[in-house]
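Reproduced below: model_12.cif, with mmCIF, C-alpha atoms.
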data_entry
#
loop_
_atom_site.label_atom_id
_atom_site.label_comp_id
_atom_site.auth_asym_id
_atom_site.auth_seq_id
_atom_site.Cartn_x
_atom_site.Cartn_y
_atom_site.Cartn_z
CA MET A 1 -20.99 -9.51 34.95
CA HIS A 2 -18.17 -7.02 35.21
CA GLY A 3 -15.57 -9.64 34.46
CA PRO A 4 -16.50 -10.23 30.82
CA ALA A 5 -17.07 -6.53 30.21
CA LYS A 6 -13.53 -5.78 31.30
CA ARG A 7 -11.90 -8.66 29.46
CA GLU A 8 -13.46 -7.81 26.14
CA GLN A 9 -11.79 -4.42 26.06
CA ALA A 10 -8.38 -5.73 25.09
CA PRO A 11 -9.14 -6.85 21.51
CA VAL A 12 -11.56 -3.96 21.00
CA GLN A 13 -9.01 -1.32 21.99
CA GLU A 14 -6.38 -3.11 19.96
CA ARG A 15 -8.52 -2.70 16.88
CA SER A 16 -8.93 1.03 17.51
CA LYS A 17 -5.18 1.29 17.88
CA LEU A 18 -4.48 -0.51 14.63
CA VAL A 19 -6.97 1.58 12.66
CA SER A 20 -5.67 4.80 14.16
CA PHE A 21 -2.14 3.70 13.26
CA GLU A 22 -3.23 2.91 9.70
CA VAL A 23 -4.92 6.29 9.33
CA PHE A 24 -2.22 8.48 10.86
CA VAL A 25 1.11 6.68 10.52
CA VAL A 26 0.97 4.29 7.57
CA PRO A 27 0.37 7.11 5.02
CA HIS A 28 3.86 8.45 5.79
CA MET A 29 5.46 5.33 4.38
CA GLY A 30 6.82 7.33 1.42
CA ALA A 31 8.75 9.68 3.70
CA ALA A 32 9.93 6.75 5.81
CA TYR A 33 11.18 4.86 2.79
CA ASN A 34 12.85 7.88 1.22
CA LEU A 35 14.82 8.61 4.40
CA ALA A 36 15.75 4.95 4.92
CA ARG A 37 16.79 4.63 1.27
CA TRP A 38 19.11 7.64 1.49
CA LEU A 39 20.59 6.59 4.83
CA THR A 40 21.16 2.92 3.97
CA ARG A 41 21.93 3.60 0.28
CA ASN A 42 20.33 0.31 -0.64
CA GLU A 43 16.74 -0.48 -1.59
CA HIS A 44 16.48 -3.88 0.09
CA ASP A 45 18.01 -2.60 3.29
CA ALA A 46 15.64 0.38 3.18
CA GLU A 47 12.63 -1.94 2.96
CA ASP A 48 13.83 -3.99 5.93
CA VAL A 49 14.53 -0.88 7.96
CA VAL A 50 11.12 0.63 7.19
CA GLN A 51 9.37 -2.57 8.19
CA GLU A 52 11.36 -2.78 11.42
CA ALA A 53 10.69 0.92 12.12
CA TYR A 54 6.95 0.45 11.62
CA LEU A 55 6.86 -2.47 14.04
CA ARG A 56 8.76 -0.40 16.59
CA ALA A 57 6.47 2.57 16.02
CA TYR A 58 3.46 0.34 16.59
CA ARG A 59 4.90 -0.90 19.87
CA PHE A 60 5.53 2.70 21.01
CA TYR A 61 2.16 3.91 19.75
CA ASP A 62 0.37 3.52 23.07
CA ALA A 63 2.76 5.95 24.69
CA TYR A 64 2.56 8.48 21.85
CA HIS A 65 0.07 11.27 22.33
CA GLY A 66 -0.15 12.39 18.74
CA GLY A 67 1.04 15.55 17.11
CA ASP A 68 3.27 15.45 14.08
CA PHE A 69 3.04 11.83 13.03
CA ARG A 70 5.50 12.19 10.17
CA ALA A 71 8.26 13.72 12.33
CA TRP A 72 7.63 11.08 15.00
CA LEU A 73 7.85 8.25 12.47
CA LEU A 74 10.97 9.73 10.84
CA THR A 75 12.70 9.85 14.23
CA ILE A 76 12.06 6.13 14.64
CA VAL A 77 13.15 5.40 11.06
CA ARG A 78 16.31 7.40 11.61
CA ASN A 79 17.16 5.57 14.83
CA THR A 80 16.37 2.21 13.27
CA CYS A 81 18.72 3.06 10.39
CA TYR A 82 21.55 3.92 12.76
CA THR A 83 21.11 0.70 14.73
CA TRP A 84 20.88 -1.24 11.50
CA LEU A 85 24.01 0.36 10.05
CA GLN A 86 25.95 -0.38 13.22
CA GLN A 87 24.93 -4.01 13.15
CA ASN A 88 25.21 -4.78 9.48
CA ARG A 89 27.98 -2.69 8.06
CA LYS A 90 31.50 -1.79 8.86
CA PRO A 91 31.24 1.37 10.92
CA SER A 92 31.58 4.38 8.68
CA ALA A 93 34.15 6.97 9.65
CA LEU A 94 32.91 8.92 12.62
CA LEU A 95 32.01 12.45 11.86
CA ASP A 96 34.08 15.04 13.61
CA GLU A 97 32.02 18.21 13.78
CA ASP A 98 35.09 20.30 14.56
CA MET A 99 37.13 18.88 11.70
CA ALA A 100 38.64 21.65 9.63
CA GLU A 101 36.71 22.08 6.47
CA LEU A 102 38.96 21.15 3.60
CA ASP A 103 36.59 21.17 0.71
CA SER A 104 34.64 24.30 1.40
CA ALA A 105 33.87 26.42 -1.59
CA LYS A 106 34.30 29.59 0.38
CA SER A 107 36.64 31.39 -1.91
CA ASN A 108 35.33 32.60 -5.17
CA PRO A 109 32.31 30.40 -5.80
CA GLU A 110 31.45 29.67 -9.37
CA THR A 111 27.97 30.19 -10.66
CA LEU A 112 25.95 27.04 -10.55
CA LEU A 113 23.43 26.73 -13.35
CA LEU A 114 20.49 24.43 -13.01
CA ARG A 115 20.71 23.25 -16.60
CA ASN A 116 24.34 22.27 -16.12
CA ILE A 117 23.73 20.13 -13.05
CA ASP A 118 24.18 16.47 -13.82
CA ALA A 119 21.47 14.75 -11.75
CA LYS A 120 23.40 11.50 -11.63
CA LEU A 121 26.48 13.23 -10.30
CA LEU A 122 24.48 15.16 -7.73
CA ARG A 123 22.83 11.96 -6.54
CA GLN A 124 26.20 10.30 -6.20
CA ALA A 125 27.60 13.32 -4.37
CA ILE A 126 24.73 13.19 -1.85
CA GLU A 127 25.27 9.46 -1.32
CA GLU A 128 28.91 10.11 -0.57
CA LEU A 129 28.17 12.67 2.12
CA PRO A 130 28.80 11.57 5.72
CA LEU A 131 25.68 10.02 7.23
CA GLU A 132 24.86 13.00 9.46
CA PHE A 133 25.17 15.48 6.58
CA ARG A 134 23.10 13.29 4.30
CA GLU A 135 20.37 13.00 6.92
CA ALA A 136 20.21 16.78 7.38
CA ILE A 137 20.11 17.52 3.65
CA VAL A 138 17.44 14.88 2.91
CA LEU A 139 15.21 16.08 5.75
CA ARG A 140 15.62 19.70 4.69
CA GLU A 141 15.48 19.53 0.90
CA LEU A 142 13.31 16.48 0.31
CA GLU A 143 11.00 16.56 3.33
CA GLY A 144 11.02 20.33 3.73
CA LEU A 145 11.46 20.12 7.51
CA SER A 146 12.49 23.11 9.59
CA TYR A 147 15.81 23.30 11.46
CA LYS A 148 13.91 22.74 14.68
CA GLU A 149 12.25 19.58 13.39
CA ILE A 150 15.54 18.25 12.03
CA ALA A 151 17.25 18.99 15.34
CA ALA A 152 14.58 16.99 17.17
CA ILE A 153 14.86 14.04 14.80
CA ALA A 154 18.67 13.96 14.79
CA CYS A 155 18.80 14.74 18.51
CA VAL A 156 21.33 17.58 18.13
CA PRO A 157 21.25 21.34 18.86
CA LEU A 158 19.87 23.74 16.25
CA GLY A 159 23.30 25.20 15.54
CA THR A 160 24.61 21.76 14.63
CA VAL A 161 21.82 21.35 12.07
CA MET A 162 22.73 24.70 10.57
CA SER A 163 26.41 23.89 10.28
CA ARG A 164 25.77 20.38 8.94
CA LEU A 165 23.54 21.78 6.23
CA ALA A 166 26.01 24.50 5.33
CA ARG A 167 28.88 22.05 5.08
CA ALA A 168 26.85 19.46 3.21
CA ARG A 169 25.91 22.05 0.61
CA ASP A 170 29.46 23.32 0.33
CA ARG A 171 30.60 19.81 -0.44
CA LEU A 172 27.88 19.24 -2.98
CA GLN A 173 28.65 22.52 -4.69
CA SER A 174 32.34 21.89 -4.95
CA ARG A 175 31.65 18.42 -6.37
CA LEU A 176 29.36 19.90 -9.00
CA ALA A 177 31.64 22.85 -9.71
CA GLY A 178 34.60 20.51 -10.07
CA GLN A 179 32.72 18.45 -12.62
CA ILE A 180 31.64 21.46 -14.61
CA ARG A 181 35.21 22.71 -14.70
CA LYS A 182 36.55 19.35 -15.76
CA GLY A 183 33.85 18.55 -18.27
CA GLY A 184 33.58 22.03 -19.63
CA ILE A 185 30.28 23.49 -20.64
CA ALA A 186 28.85 22.23 -23.86
CA MET B 187 26.00 43.66 8.76
CA SER B 188 29.55 42.68 7.98
CA CYS B 189 30.29 40.18 5.23
CA GLU B 190 31.61 37.72 7.79
CA ASP B 191 28.45 37.92 9.89
CA ALA B 192 26.28 37.56 6.81
CA ARG B 193 28.18 34.57 5.51
CA GLY B 194 27.33 32.51 8.58
CA LEU B 195 23.62 33.19 8.08
CA LEU B 196 23.22 32.71 4.33
CA HIS B 197 21.99 29.13 4.57
CA ALA B 198 19.48 30.00 7.26
CA TYR B 199 18.38 32.93 5.10
CA VAL B 200 17.68 30.77 2.06
CA ASP B 201 15.94 28.19 4.26
CA GLY B 202 13.61 30.86 5.61
CA GLU B 203 14.84 30.32 9.15
CA LEU B 204 15.75 33.93 9.98
CA ASP B 205 13.49 36.47 11.62
CA LEU B 206 12.32 39.41 9.56
CA VAL B 207 14.86 41.91 10.88
CA ARG B 208 17.82 39.69 10.10
CA SER B 209 16.40 38.69 6.74
CA LEU B 210 16.20 42.34 5.78
CA GLU B 211 19.76 42.92 6.94
CA ILE B 212 20.92 40.04 4.77
CA GLU B 213 19.00 41.35 1.79
CA LYS B 214 20.63 44.70 2.23
CA HIS B 215 24.03 43.09 2.37
CA LEU B 216 23.34 41.02 -0.75
CA GLU B 217 22.76 44.21 -2.74
CA SER B 218 26.31 45.28 -2.15
CA CYS B 219 28.19 41.96 -1.90
CA LYS B 220 28.56 39.99 -5.10
CA THR B 221 30.19 36.99 -3.47
CA CYS B 222 27.43 36.45 -0.93
CA ALA B 223 24.76 37.05 -3.58
CA GLN B 224 26.34 34.35 -5.66
CA THR B 225 26.47 31.94 -2.73
CA VAL B 226 22.77 32.50 -2.15
CA GLN B 227 21.99 31.97 -5.79
CA ASN B 228 24.02 28.77 -5.92
CA GLN B 229 22.29 27.45 -2.87
CA GLN B 230 18.90 28.14 -4.38
CA THR B 231 19.95 26.40 -7.58
CA LEU B 232 21.17 23.39 -5.63
CA SER B 233 17.89 23.22 -3.71
CA SER B 234 15.85 23.34 -6.90
CA ALA B 235 17.96 20.59 -8.40
CA MET B 236 17.44 18.37 -5.35
CA ARG B 237 13.74 19.03 -5.19
CA SER B 238 13.14 17.64 -8.63
CA SER B 239 11.12 14.50 -8.06
CA SER B 240 13.81 12.15 -9.30
CA PHE B 241 15.61 12.51 -5.97
CA TYR B 242 12.69 11.32 -3.89
CA PHE B 243 12.74 7.54 -3.62
CA ARG B 244 9.29 5.99 -3.90
CA PRO B 245 8.68 2.77 -2.00
CA PRO B 246 8.09 -0.33 -4.12
CA ARG B 247 4.45 -1.37 -4.47
CA GLU B 248 4.87 -4.50 -2.38
CA LEU B 249 6.15 -2.67 0.71
CA LYS B 250 2.75 -1.56 2.04
CA PRO B 251 1.11 -5.03 1.99
CA ARG B 252 4.29 -6.42 3.52
CA ILE B 253 4.13 -3.97 6.42
CA ASP B 254 0.37 -4.38 6.84
CA ALA B 255 0.93 -8.13 7.18
CA ALA B 256 3.81 -7.62 9.63
CA LEU B 257 1.67 -5.34 11.79
CA ARG B 258 -1.14 -7.87 11.90
CA ARG B 259 1.31 -10.66 12.68
CA SER B 260 2.84 -8.71 15.53
CA GLU B 261 -0.63 -8.19 16.93
CA ARG B 262 -1.32 -11.89 16.95
CA LYS B 263 1.63 -12.69 19.18
CA VAL B 264 -0.88 -13.09 21.98
CA PRO B 265 -1.10 -16.86 22.61
CA TRP B 266 -3.96 -18.55 20.79
CA SER B 267 -5.52 -19.83 23.99
CA MET B 268 -5.73 -16.28 25.32
CA LEU B 269 -7.18 -15.08 22.04
CA ALA B 270 -9.82 -17.83 22.07
CA LEU B 271 -10.70 -16.95 25.64
CA ALA B 272 -10.95 -13.27 24.78
CA ALA B 273 -13.19 -14.08 21.81
CA ALA B 274 -15.43 -16.29 23.94
CA LEU B 275 -15.70 -13.58 26.57
CA LEU B 276 -16.41 -10.99 23.90
CA ILE B 277 -19.29 -13.03 22.51
CA ALA B 278 -20.56 -13.79 26.01
CA GLY B 279 -20.23 -10.13 26.94
CA VAL B 280 -22.16 -8.89 23.93
CA PHE B 281 -24.81 -11.53 24.55
CA VAL B 282 -25.20 -10.61 28.19
CA ASP B 283 -25.15 -6.94 27.26
CA ARG B 284 -28.05 -7.39 24.86
CA LEU B 285 -29.89 -9.67 27.27
CA VAL B 286 -29.66 -7.04 29.96
CA GLN B 287 -30.85 -4.38 27.56
CA PHE B 288 -33.87 -6.35 26.46
CA GLY B 289 -34.52 -7.61 29.98
CA SER B 290 -34.71 -4.11 31.37
CA GLY B 291 -37.48 -3.30 28.95
CA SER B 292 -34.90 -1.43 27.00
CA ASN B 293 -35.93 1.57 25.06
CA SER B 294 -35.18 2.45 21.51
CA ALA B 295 -32.28 4.71 22.54
CA ASN B 296 -30.47 1.59 23.74
CA LEU B 297 -31.01 -0.15 20.42
CA VAL B 298 -29.82 2.92 18.53
CA ALA B 299 -26.76 3.07 20.78
CA GLN B 300 -25.95 -0.53 19.89
CA GLU B 301 -26.47 0.19 16.20
CA VAL B 302 -24.20 3.21 16.35
CA LEU B 303 -21.58 1.22 18.19
CA ASP B 304 -21.81 -1.64 15.69
CA SER B 305 -21.38 0.90 12.92
CA HIS B 306 -18.42 2.45 14.75
CA LEU B 307 -16.80 -1.00 15.01
CA ARG B 308 -17.47 -1.67 11.31
CA SER B 309 -15.85 1.64 10.46
CA LEU B 310 -12.70 0.35 12.12
CA MET B 311 -12.38 -2.43 9.55
CA PRO B 312 -9.68 -1.60 7.00
CA GLY B 313 -10.89 0.86 4.39
CA HIS B 314 -14.28 1.51 6.01
CA LEU B 315 -13.55 4.65 7.94
CA SER B 316 -13.98 7.32 5.35
CA ASP B 317 -15.46 7.81 1.89
CA VAL B 318 -14.11 11.31 1.55
CA GLN B 319 -10.81 12.13 3.18
CA SER B 320 -10.01 15.71 3.73
CA SER B 321 -9.11 18.13 6.44
CA ASP B 322 -11.04 20.77 4.53
CA ARG B 323 -14.69 21.14 5.44
CA HIS B 324 -15.19 22.80 2.05
CA THR B 325 -14.41 19.42 0.49
CA VAL B 326 -16.33 17.31 2.98
CA LYS B 327 -19.54 19.36 2.96
CA PRO B 328 -20.21 19.30 -0.81
CA TRP B 329 -19.32 15.62 -0.85
CA PHE B 330 -22.58 14.93 1.05
CA ASN B 331 -24.62 16.94 -1.48
CA GLY B 332 -27.08 14.79 -3.34
CA LYS B 333 -26.23 11.76 -1.24
CA LEU B 334 -28.53 12.71 1.62
CA ASP B 335 -31.93 14.35 2.01
CA PHE B 336 -30.44 16.79 4.50
CA SER B 337 -27.31 18.84 4.75
CA PRO B 338 -25.18 17.85 7.74
CA PRO B 339 -23.48 20.66 9.65
CA VAL B 340 -19.80 20.29 8.82
CA ALA B 341 -17.30 22.13 11.02
CA ASP B 342 -13.59 21.76 11.54
CA PHE B 343 -12.12 22.14 15.03
CA ALA B 344 -8.46 21.76 14.12
CA GLU B 345 -7.52 24.82 16.15
CA GLN B 346 -9.12 23.31 19.22
CA GLY B 347 -7.24 20.05 18.65
CA PHE B 348 -10.03 18.16 16.89
CA PRO B 349 -9.33 18.28 13.15
CA LEU B 350 -11.99 17.00 10.80
CA ILE B 351 -10.36 14.29 8.71
CA GLY B 352 -13.19 12.90 6.61
CA GLY B 353 -16.75 11.76 6.23
CA ARG B 354 -18.86 8.86 5.01
CA LEU B 355 -22.41 7.61 4.69
CA ASP B 356 -23.65 4.95 7.04
CA SER B 357 -26.91 3.36 8.05
CA VAL B 358 -28.64 3.63 11.44
CA GLU B 359 -32.25 2.71 12.14
CA GLY B 360 -32.69 1.80 8.51
CA ARG B 361 -31.94 5.29 7.26
CA THR B 362 -28.87 6.79 5.68
CA VAL B 363 -26.96 9.06 8.03
CA ALA B 364 -23.98 11.36 7.73
CA VAL B 365 -20.84 10.44 9.62
CA LEU B 366 -18.10 12.99 10.23
CA VAL B 367 -14.73 11.64 11.26
CA TYR B 368 -12.69 13.73 13.69
CA GLN B 369 -9.23 13.19 15.08
CA ARG B 370 -8.14 13.73 18.68
CA ARG B 371 -4.39 13.17 18.91
CA ARG B 372 -4.10 9.56 17.79
CA HIS B 373 -7.77 8.69 18.37
CA LEU B 374 -10.61 8.60 15.85
CA ILE B 375 -14.06 9.92 16.64
CA ASN B 376 -17.16 9.07 14.61
CA VAL B 377 -19.88 11.71 14.72
CA TYR B 378 -23.29 10.53 13.49
CA VAL B 379 -25.83 13.11 12.42
CA TRP B 380 -29.36 12.71 11.13
CA PRO B 381 -32.56 14.74 11.15
CA SER B 382 -35.26 13.67 13.59
CA PRO B 383 -37.99 16.30 13.19
CA ASN B 384 -40.46 14.41 15.35
CA SER B 385 -38.23 14.04 18.40
CA GLY B 386 -38.12 16.60 21.14
CA ASP B 387 -34.86 17.99 22.47
CA SER B 388 -33.00 15.70 24.85
CA ALA B 389 -30.22 16.28 27.33
CA THR B 390 -26.68 15.21 26.54
CA ASN B 391 -26.26 11.60 27.54
CA THR B 392 -22.84 10.04 28.12
CA THR B 393 -22.36 6.25 28.25
CA THR B 394 -19.67 3.63 27.94
CA ARG B 395 -20.26 0.51 25.88
CA GLN B 396 -17.82 -2.32 25.31
CA GLY B 397 -14.99 0.01 26.26
CA TYR B 398 -16.05 2.86 23.98
CA ASN B 399 -17.31 6.23 25.10
CA MET B 400 -20.52 7.47 23.51
CA ILE B 401 -22.40 10.74 23.75
CA HIS B 402 -25.84 11.41 22.35
CA TRP B 403 -28.34 14.25 22.22
CA THR B 404 -31.19 15.58 20.11
CA ARG B 405 -31.64 19.25 19.50
CA ALA B 406 -33.54 21.36 17.02
CA GLY B 407 -34.72 18.31 15.11
CA THR B 408 -31.25 16.83 14.70
CA THR B 409 -29.93 13.72 16.42
CA TRP B 410 -26.24 13.41 17.25
CA TRP B 411 -24.21 10.40 18.33
CA LEU B 412 -20.49 10.39 19.07
CA ALA B 413 -18.47 7.18 19.46
CA SER B 414 -14.75 6.81 20.15
CA ASP B 415 -12.05 5.14 22.20
CA VAL B 416 -10.84 8.59 23.25
CA ASN B 417 -11.36 9.53 26.91
CA ALA B 418 -14.75 10.82 28.02
CA SER B 419 -13.65 14.39 28.73
CA ASP B 420 -12.17 14.84 25.24
CA LEU B 421 -15.36 13.47 23.74
CA GLN B 422 -17.39 15.89 25.86
CA ASN B 423 -15.23 18.77 24.61
CA LEU B 424 -16.05 17.90 21.02
CA ALA B 425 -19.72 17.46 21.88
CA GLY B 426 -19.69 20.92 23.43
CA MET B 427 -18.26 22.47 20.26
CA LEU B 428 -20.72 20.61 18.02
CA HIS B 429 -23.54 21.75 20.27
CA GLN B 430 -22.91 25.42 19.52
#
Any chance you could give the structure as structure tokens?
Amino acid sequence: MHGPAKREQAPVQERSKLVSFEVFVVPHMGAAYNLARWLTRNEHDAEDVVQEAYLRAYRFYDAYHGGDFRAWLLTIVRNTCYTWLQQNRKPSALLDEDMAELDSAKSNPETLLLRNIDAKLLRQAIEELPLEFREAIVLRELEGLSYKEIAAIACVPLGTVMSRLARARDRLQSRLAGQIRKGGIA
Amino acid sequence: MSCEDARGLLHAYVDGELDLVRSLEIEKHLESCKTCAQTVQNQQTLSSAMRSSSFYFRPPRELKPRIDAALRRSERKVPWSMLALAAALLIAGVFVDRLVQFGSGSNSANLVAQEVLDSHLRSLMPGHLSDVQSSDRHTVKPWFNGKLDFSPPVADFAEQGFPLIGGRLDSVEGRTVAVLVYQRRRHLINVYVWPSPNSGDSATNTTTRQGYNMIHWTRAGTTWWLASDVNASDLQNLAGMLHQ
């Protein structure tokens, strides 16, 4: 009689797993999509990546012991994006962390006024950031993650997160400042 | 703090990533350094601009059903013959299980156990787990008001690793009972509570049914049942906390 009792566990446990996954992981689909959309810069690609990431996450779910489900899912989304970008697009220029900063707004920053920021331009400026900068800025500003969480997701040291964020923001600011200078203030 | 030292920490300062001592040092520096103060202000402005909702991409409506379907498809990759066999064994197993229960002159506790387990399995159907979803017991507790003729004890054990994530009404032994839903890592635990003023206190009883762990006891006129796929020792931990 032990045979049947053991065999029936497989589908039963599978159902518990699926429900648990739907309760804890599926609700973070918004965060997953937002990250994928910013990293792939395309809505259809983002949907494919999110679906692929969810299937991967489900496969890994048995080995995951719980904790921060959103950060765990975002790590998988991020890695799926990178794989996807490597396979489907021409490789983007590799980021050299030590590259001399050319566009830093270190000298004499101009005052940035919220009402003067052109949202469309800012969006475009973020999309033009190198992948690693974009990832850091999206996780920080849009997901509100800490440096430590970002470091874990991007698999880099804390200091690298800090410098990527600083340089990403410098670039965004000089883009916006340049526009304000050119366009003048109405 | 020198301007050069401060400059390297301004982003971390705005992001709230510095300890108190260094934050205060930066603040002191900002009072005297216009350039750094401006950098901080610009960074805050930039953050506010990005945090406006228009920068957060919302998934299209059809994405969730698409992923739900993909998850269910991936589950069904088990060959059909295996699935049919598993189903047959499941039915046979349940049948034998019940036969054994009845054969052994089974008591009412056994029938209640089966009812609780059936309810637990029903709760695992999509959308059946929770009627009120909240990690806040102050939301869950009033939700039961007026729906039951008793007030279930609602406690959150998030600090001990068992957050309360919701509640619902269910039916056991023909009466409406309160169900509290707890989380243990990635596992869900259903806690059934109902008053049983005519039953004496019973010891804590741990069993395994169809692969699920269950714990049950009656104390002070209240009957408790716990059901979950979490391991037995975790379930006992929660039972211990509920007991107090």
*asked:* What would the selection look like, as a ChimeraX atom specification, if the PyMOL selection byres ((chain A and resi 122-139) around 10) were run on the coordinates I just shared?
replied: /A:31,34-36,38-41,71,74,78,82,92-95,97,117-121,140-147,149-151,153-154,160-169,171-176 /B:232-233,235-237,240-242
*Hey, which of B:Val318, B:Val367, B:Leu249, B:Leu303 ends up closest to Asp342 in chain B? Count all atoms listed in the file.*
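Among B:Val318, B:Val367, B:Leu249, B:Leu303, it is B:Val367 that comes nearest to Asp342 in chain B.
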*Do me a favour and pick out the residues of chain B within 8 Å of chain A, using only C-alpha atoms, as JSON, numbers by chain.*
{"B": [197, 198, 203, 221, 224, 225, 227, 228, 229, 231, 232, 233, 234, 235, 236, 237, 241, 242, 243, 244, 245, 249, 250, 252, 253, 256, 257, 260, 272, 273, 275, 276, 278, 279, 310, 311, 312, 371, 372, 373, 374, 396, 397, 415]}
Once you have the residues from the selection above, write them out as a PDB file, in the frame of the given file, restricted to C-alpha atoms.
ATOM      1  CA  HIS B 197      21.990  29.130   4.570  1.00  0.00           C
ATOM      2  CA  ALA B 198      19.480  30.000   7.260  1.00  0.00           C
ATOM      3  CA  GLU B 203      14.840  30.320   9.150  1.00  0.00           C
ATOM      4  CA  THR B 221      30.190  36.990  -3.470  1.00  0.00           C
ATOM      5  CA  GLN B 224      26.340  34.350  -5.660  1.00  0.00           C
ATOM      6  CA  THR B 225      26.470  31.940  -2.730  1.00  0.00           C
ATOM      7  CA  GLN B 227      21.990  31.970  -5.790  1.00  0.00           C
ATOM      8  CA  ASN B 228      24.020  28.770  -5.920  1.00  0.00           C
ATOM      9  CA  GLN B 229      22.290  27.450  -2.870  1.00  0.00           C
ATOM     10  CA  THR B 231      19.950  26.400  -7.580  1.00  0.00           C
ATOM     11  CA  LEU B 232      21.170  23.390  -5.630  1.00  0.00           C
ATOM     12  CA  SER B 233      17.890  23.220  -3.710  1.00  0.00           C
ATOM     13  CA  SER B 234      15.850  23.340  -6.900  1.00  0.00           C
ATOM     14  CA  ALA B 235      17.960  20.590  -8.400  1.00  0.00           C
ATOM     15  CA  MET B 236      17.440  18.370  -5.350  1.00  0.00           C
ATOM     16  CA  ARG B 237      13.740  19.030  -5.190  1.00  0.00           C
ATOM     17  CA  PHE B 241      15.610  12.510  -5.970  1.00  0.00           C
ATOM     18  CA  TYR B 242      12.690  11.320  -3.890  1.00  0.00           C
ATOM     19  CA  PHE B 243      12.740   7.540  -3.620  1.00  0.00           C
ATOM     20  CA  ARG B 244       9.290   5.990  -3.900  1.00  0.00           C
ATOM     21  CA  PRO B 245       8.680   2.770  -2.000  1.00  0.00           C
ATOM     22  CA  LEU B 249       6.150  -2.670   0.710  1.00  0.00           C
ATOM     23  CA  LYS B 250       2.750  -1.560   2.040  1.00  0.00           C
ATOM     24  CA  ARG B 252       4.290  -6.420   3.520  1.00  0.00           C
ATOM     25  CA  ILE B 253       4.130  -3.970   6.420  1.00  0.00           C
ATOM     26  CA  ALA B 256       3.810  -7.620   9.630  1.00  0.00           C
ATOM     27  CA  LEU B 257       1.670  -5.340  11.790  1.00  0.00           C
ATOM     28  CA  SER B 260       2.840  -8.710  15.530  1.00  0.00           C
ATOM     29  CA  ALA B 272     -10.950 -13.270  24.780  1.00  0.00           C
ATOM     30  CA  ALA B 273     -13.190 -14.080  21.810  1.00  0.00           C
ATOM     31  CA  LEU B 275     -15.700 -13.580  26.570  1.00  0.00           C
ATOM     32  CA  LEU B 276     -16.410 -10.990  23.900  1.00  0.00           C
ATOM     33  CA  ALA B 278     -20.560 -13.790  26.010  1.00  0.00           C
ATOM     34  CA  GLY B 279     -20.230 -10.130  26.940  1.00  0.00           C
ATOM     35  CA  LEU B 310     -12.700   0.350  12.120  1.00  0.00           C
ATOM     36  CA  MET B 311     -12.380  -2.430   9.550  1.00  0.00           C
ATOM     37  CA  PRO B 312      -9.680  -1.600   7.000  1.00  0.00           C
ATOM     38  CA  ARG B 371      -4.390  13.170  18.910  1.00  0.00           C
ATOM     39  CA  ARG B 372      -4.100   9.560  17.790  1.00  0.00           C
ATOM     40  CA  HIS B 373      -7.770   8.690  18.370  1.00  0.00           C
ATOM     41  CA  LEU B 374     -10.610   8.600  15.850  1.00  0.00           C
ATOM     42  CA  GLN B 396     -17.820  -2.320  25.310  1.00  0.00           C
ATOM     43  CA  GLY B 397     -14.990   0.010  26.260  1.00  0.00           C
ATOM     44  CA  ASP B 415     -12.050   5.140  22.200  1.00  0.00           C
TER      45      ASP B 415
END
*In Å, rounded to a single decimal, give me how far CA of Leu366 in chain B is from CA of Trp411 in chain B.*
10.5 Å
Exercise on range 239-252 of chain B, axis-aligned box with 8 Å per side, report centre and edge lengths in Å to one decimal, as JSON:
{"center_x": 8.4, "center_y": 4.0, "center_z": -2.9, "size_x": 30.5, "size_y": 36.9, "size_z": 28.8}
*Quick one: pull the distance between CA of Glu213 in chain B and CA of Ala177 in chain A, Å, one decimal.*
25.2 Å
